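Written out below as structure tokens is the structure these notes cover.
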Amino acid sequence: MHFSIRTAKKQFCLILAVILFASVPAAHVSAAAKTPLRKNGRLQVKGARLVNNKGKSVVLKGVSTHGINWFPEYVNPAAFQTLRDSWGVNCIRLAMYTAEYNGYCSGGNKKELRALIDKGVRYATDLGMYVIIDWHTLSDCNPNQYKKEAKSFFKYMAKKYKKHKNVIYEICNEPNGGTQWKDIKSYAKSIIRTIRTYDKKNIILTGTPTWSQDVDLAAESPVKGYSNLMYTFHFYAATHGEAYRAKVENAVKKGLPVFVSEFGISESSGNGRIDKAEANRWIKFLNKNKISRVCWNLSNKDESCALLKSSCRKNGKFKSKDLSPAGKWYKKNR
Ligand code: IDC
């Protein structure tokens with residue numbers, strides 16, 4: 001009697017295990033085993049290159065949200081999974097405007113915005129994707145304008161995410177309005193110090209003068225004393241061409257780790273024509289130099305840099321017919 005109950009129990013467990021195993025979709029299992037994060041682990045900077053936990057070059061190919069204060073609906077797991085599985089995207093940038101309408105420092109709900117970032121980080125982490133927390137300065141030309149807010153924001157984020165191997169901090173999107181590199185550098189040092197008090201390792205990206213284009217100026221005088229720092233360069237293919245590639249190439253030759261945390265294939269206004277031929281030249285150049293890139297933006301806003309058609313009402317599971325010309329191009333050419 002005793003024996004047969006044990007046998008029955010064993011059999012029951014076996015059947016349960018088979019049922020449980022069979023109910024996990026196979027595609028999900030294999031995708032999880034090969035996530036970008038599983039493959040590469042925590043990223044580091046070696047010389048001018050972004051490398052994985054084994055010291056091998058890594059190129060992040062990402063998509064940026066639009067301002068999460070305006071388009072929060074795209075911060076969802078289905079959207080990120082579609083980008084990962086059908087576009088081959090391995091990085092999501094969570095763009096949080098600081099000074100624009102309803103930005104973090106201009107009337108937006110700070111708690112809600114932080115919660116949205118937390119959600120975005122969680123979805124990206126569950127999918128094994130890298131995720132950039134972007135302090136999206138723009139009309140607040142000089143990042144020092146909201147330095148106090150930036151410090152407390154990054155203190156919260158760094159404390160929370162120091163153990164995450166997939167989090168990247170972007171401390172200012174695009175300084176402009178004549179802001180000098182020395183002012184950005186002093187801001188950067190201060191925010192980096194705050195982040196490094198808690199998070200010793202994750203990658204930190206800093207903007208450069210003139211809408212993050214003057215990487216040459218950063219290359220002349222990079223921030224010293226910290227590891228895993230990178231400098232951002234932004235371009236819009238219908239506005240910026242060869243002369244800008246030369247600028248980036250020189251900075252990289254000088255040893256500056258450059259990260260293209262935002263680009264579009266439209267004009268720099270975010271609208272107007274798109275230039276696929278120039279965009280292809282950029283991708284070739286970025287591939288040659290193993291430079292990571294993140295495309296602006298995941299929304300259906302009626303502007304030519306948006307990756308979805310303005311008629312698209314979906315927040316995830318995008319199909320080809322949902323994509324704008326820019327979206328179709330990036331899905332194919334990233
Ligand atoms: C643009 C958006 C547009 C929005 C505007 C706000 O595409 O919908 O109204 O910002 O001022 C950048 C900025 C990025 C811009 C983008 C296109 O980082 O915020 O987005 N751009 O103009 N730098 C160069 C171009």
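Chain lettering (A, B, ...) mirrors the order of the structure tokens, residue numbering begins at 1 for each chain separately, and ligand numbering begins at 1 in order of display.
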
- Query: What residues have any atom no more than 8 Å from ligand 1 when counting only C-alpha atoms and all ligand atoms, and can you list them as a VMD selection string?
  - Reply: chain A and resid 66 to 67 97 100 136 to 139 173 to 174 211 234 to 236 262 to 264 267 to 271 296 to 297 301 303 305 to 306

- Item | 12 Å contact set for Gly107 (chain A), only C-alpha atoms, chain neighbours under 5 positions out, as an NGL selection string | :A and (69 or 97-102 or 112-113)

Give me a file of those residues, with N, CA and C atoms, as a compact mmCIF listing (two decimals), in the first residue's frame.
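Result file follows (part.txt):
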# COMPACT_ATOMS: atom_id res chain seq x y z
N ASN A 69 6.45 61.51 -21.43
CA ASN A 69 5.38 62.33 -20.86
C ASN A 69 4.26 62.56 -21.88
N TYR A 97 11.59 64.08 -21.33
CA TYR A 97 11.88 65.52 -21.47
C TYR A 97 11.94 66.16 -20.09
N THR A 98 12.84 67.13 -19.96
CA THR A 98 12.97 67.82 -18.68
C THR A 98 12.25 69.17 -18.70
N ALA A 99 12.29 69.88 -19.83
CA ALA A 99 11.79 71.27 -19.83
C ALA A 99 10.63 71.52 -20.78
N GLU A 100 10.38 70.59 -21.70
CA GLU A 100 9.27 70.80 -22.62
C GLU A 100 7.95 70.66 -21.86
N TYR A 101 6.83 70.88 -22.55
CA TYR A 101 5.52 70.83 -21.92
C TYR A 101 5.31 69.55 -21.10
N ASN A 102 5.00 69.72 -19.83
CA ASN A 102 4.80 68.58 -18.93
C ASN A 102 6.04 67.71 -18.74
N GLU A 112 4.91 60.01 -11.30
CA GLU A 112 4.39 59.19 -12.41
C GLU A 112 5.46 58.95 -13.46
N LEU A 113 6.25 59.98 -13.72
CA LEU A 113 7.30 59.83 -14.73
C LEU A 113 8.35 58.82 -14.27

- Query: Hey, what's within 12 Å of Pro257 (chain A) if we count only C-alpha atoms and toss same-chain stuff fewer than 2 positions away? As a PyMOL selection string, please?
  - Reply: chain A and resi 44-51+203-206+215-216+218-219+222-223+227-233+248-255+259-260+289-292

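The gap separating CA of Asp134 (chain A) from CA of Ile168 (chain A) is 8.6 Å, in Å to one decimal.
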
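Across the structure, CA of Ser261 (chain A) and CA of Ser212 (chain A) are spaced 9.5 Å apart.
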
- Message: as an NGL selection string, please: every residue in region 181-266 of chain A that DSSP puts in strand (DSSP E).
- Response: :A and (204-206 or 229-236 or 258-264)

- How far is it from CA of Arg93 (chain A) to CA of Leu323 (chain A), in Å with one decimal?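 One can read the CA of Arg93 (chain A) to CA of Leu323 (chain A) distance as 18.9 Å.
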
- Extract the full set of alpha helix (DSSP H) residues from region 35-97 of chain A according to DSSP on the backbone, and format it as a PyMOL selection string. chain A and resi 36-40+77-82

- Item | Residue nearest Asn287 (chain A) among A:Asn333, A:Phe80, A:Arg42, A:Pro209 (counting only C-alpha atoms) |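 So, comparing all the options, the nearest one is A:Asn333.
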
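Considering the residues A:Gly316, A:Gly225, A:Pro143, A:Gly207 and counting only C-alpha atoms, Glu170 (chain A) has its shortest atom-to-atom contact with A:Gly207.
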
- Pick from A:Asn142, A:Gln213, A:Asn202, A:Ser64, whichever lies nearest to Leu307 (chain A) using only C-alpha atoms: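 Going through A:Asn142, A:Gln213, A:Asn202, A:Ser64 one by one, the smallest distance to Leu307 (chain A) is for A:Ser64.
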